[in-house]
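Peer 1: My structure is below; once you've seen it, I'll send some questions.
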Amino acid sequence: MQLTEQIQLIRLLLARLERVSVDSYWAHRASGVRGALLRALEKIEAGQAVDESVLRRLVDKGFQILEQAAQERIK
């Protein structure tokens, strides 16, 4: 994945995680992942190295949280 695509994906994920309802069980987890993603994005934009495996796990975790929060809303 190219750097610009990676940045766009992270920004999209950040926006979606921000919208997880505060009443949701997943809100606290979303907040933690969002904070870690924000720090990673700041490093990327500053030209600093970011561990790809850590970034991949954060992105995967963010999508898992979004999926779980959506499932919670359906129930």
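Residues are named by chain letter and number: chains run A, B, ... in the order of the structure tokens, numbers start at 1 in each chain, and ligands are numbered from 1 in the order shown.
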With only C-alpha atoms as the counted atoms, please give the residues lying no more than 9 Å from segment 53-64 of chain A, apart from itself and same-chain residues fewer than 4 positions off, as a PyMOL selection string.
Peer 2: chain A and resi 9-10+13-14+17+29-30+33-34+36-37+40+68-69
Peer 1: Could you turn the residues from that selection into a file that holds N, CA, C and O atoms, as a PDB file, in the first residue's frame?
Peer 2:
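Saved the output as selection.pdb:
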ATOM      1  N   LEU A   9      -6.476   5.889   4.452  1.00  0.00           N
ATOM      2  CA  LEU A   9      -7.165   4.837   5.197  1.00  0.00           C
ATOM      3  C   LEU A   9      -7.179   5.150   6.688  1.00  0.00           C
ATOM      4  O   LEU A   9      -8.207   5.014   7.355  1.00  0.00           O
ATOM      5  N   ILE A  10      -6.055   5.601   7.205  1.00  0.00           N
ATOM      6  CA  ILE A  10      -5.983   5.942   8.633  1.00  0.00           C
ATOM      7  C   ILE A  10      -6.925   7.095   8.956  1.00  0.00           C
ATOM      8  O   ILE A  10      -7.652   7.049   9.950  1.00  0.00           O
ATOM      9  N   LEU A  13     -10.470   5.801   8.982  1.00  0.00           N
ATOM     10  CA  LEU A  13     -10.694   5.004  10.185  1.00  0.00           C
ATOM     11  C   LEU A  13     -10.816   5.892  11.415  1.00  0.00           C
ATOM     12  O   LEU A  13     -11.677   5.672  12.267  1.00  0.00           O
ATOM     13  N   LEU A  14      -9.985   6.922  11.500  1.00  0.00           N
ATOM     14  CA  LEU A  14     -10.070   7.858  12.629  1.00  0.00           C
ATOM     15  C   LEU A  14     -11.432   8.537  12.683  1.00  0.00           C
ATOM     16  O   LEU A  14     -12.039   8.661  13.758  1.00  0.00           O
ATOM     17  N   LEU A  17     -14.022   5.923  13.848  1.00  0.00           N
ATOM     18  CA  LEU A  17     -13.878   5.585  15.270  1.00  0.00           C
ATOM     19  C   LEU A  17     -14.384   6.714  16.157  1.00  0.00           C
ATOM     20  O   LEU A  17     -14.916   6.473  17.235  1.00  0.00           O
ATOM     21  N   ARG A  29     -12.578   1.461  23.951  1.00  0.00           N
ATOM     22  CA  ARG A  29     -11.577   0.811  23.090  1.00  0.00           C
ATOM     23  C   ARG A  29     -11.330   1.629  21.830  1.00  0.00           C
ATOM     24  O   ARG A  29     -10.200   1.769  21.384  1.00  0.00           O
ATOM     25  N   ALA A  30     -12.402   2.153  21.263  1.00  0.00           N
ATOM     26  CA  ALA A  30     -12.270   2.978  20.062  1.00  0.00           C
ATOM     27  C   ALA A  30     -11.393   4.194  20.359  1.00  0.00           C
ATOM     28  O   ALA A  30     -10.550   4.577  19.546  1.00  0.00           O
ATOM     29  N   VAL A  33      -7.613   3.081  20.504  1.00  0.00           N
ATOM     30  CA  VAL A  33      -7.066   2.797  19.179  1.00  0.00           C
ATOM     31  C   VAL A  33      -6.946   4.092  18.386  1.00  0.00           C
ATOM     32  O   VAL A  33      -5.961   4.313  17.681  1.00  0.00           O
ATOM     33  N   ARG A  34      -7.929   4.949  18.524  1.00  0.00           N
ATOM     34  CA  ARG A  34      -7.906   6.232  17.817  1.00  0.00           C
ATOM     35  C   ARG A  34      -6.691   7.059  18.245  1.00  0.00           C
ATOM     36  O   ARG A  34      -5.995   7.648  17.423  1.00  0.00           O
ATOM     37  N   ALA A  36      -3.837   5.958  19.459  1.00  0.00           N
ATOM     38  CA  ALA A  36      -2.623   5.331  18.925  1.00  0.00           C
ATOM     39  C   ALA A  36      -2.476   5.600  17.425  1.00  0.00           C
ATOM     40  O   ALA A  36      -1.374   5.859  16.934  1.00  0.00           O
ATOM     41  N   LEU A  37      -3.593   5.561  16.708  1.00  0.00           N
ATOM     42  CA  LEU A  37      -3.560   5.853  15.272  1.00  0.00           C
ATOM     43  C   LEU A  37      -3.196   7.318  15.006  1.00  0.00           C
ATOM     44  O   LEU A  37      -2.455   7.617  14.067  1.00  0.00           O
ATOM     45  N   ALA A  40       0.502   7.634  15.438  1.00  0.00           N
ATOM     46  CA  ALA A  40       1.182   7.035  14.288  1.00  0.00           C
ATOM     47  C   ALA A  40       1.084   7.944  13.065  1.00  0.00           C
ATOM     48  O   ALA A  40       2.069   8.129  12.343  1.00  0.00           O
ATOM     49  N   GLN A  68     -17.782  -4.485  15.587  1.00  0.00           N
ATOM     50  CA  GLN A  68     -18.457  -4.865  16.833  1.00  0.00           C
ATOM     51  C   GLN A  68     -19.456  -3.787  17.276  1.00  0.00           C
ATOM     52  O   GLN A  68     -20.556  -4.106  17.728  1.00  0.00           O
ATOM     53  N   ALA A  69     -19.073  -2.534  17.142  1.00  0.00           N
ATOM     54  CA  ALA A  69     -19.984  -1.436  17.522  1.00  0.00           C
ATOM     55  C   ALA A  69     -21.220  -1.444  16.618  1.00  0.00           C
ATOM     56  O   ALA A  69     -22.331  -1.197  17.100  1.00  0.00           O
TER      57      ALA A  69
END
Peer 1: My list of candidates is A:Gln8, A:Gln2, A:Gln48, A:Gln71. Which is closest to Trp26 of chain A when distances are computed with only C-alpha atoms?
Peer 2: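 Distance minimum relative to Trp26 of chain A lands on A:Gln71.
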Peer 1: Quote the spacing between atom CA of Gln6 of chain A and atom CA of Glu45 of chain A in Å to one decimal place.
Peer 2: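 These two atoms are separated by 11.1 Å.
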Peer 1: To one decimal place in Å, what is the distance between atom CA of Ala27 of chain A and atom CA of Ile74 of chain A?
Peer 2: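 That distance, rounded to one decimal, is 15.9 Å.
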Peer 1: Applying 12 Å and only C-alpha atoms, which residues near Arg73 of chain A remain after dropping the ones on its own chain fewer than 4 positions away? List them as a list in words.
Peer 2: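 So the residues in contact are Val20, Ser21, Asp23, Ser24, Tyr25, Trp26, Leu66, Glu67, Gln68 and Ala69 of chain A.
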Peer 1: Quick one: distance from atom CA of His28 of chain A to atom CA of Arg11 of chain A in Å, one decimal?
Peer 2: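 Atom CA of His28 of chain A sits 18.9 Å away from atom CA of Arg11 of chain A.
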Peer 1: Enumerate as a PyMOL selection string all residues of chain A assigned to alpha helix (DSSP H) by DSSP on the backbone, naming them with the chain letters and numbers the document uses.
Peer 2: chain A and resi 3-18+27-45+52-74
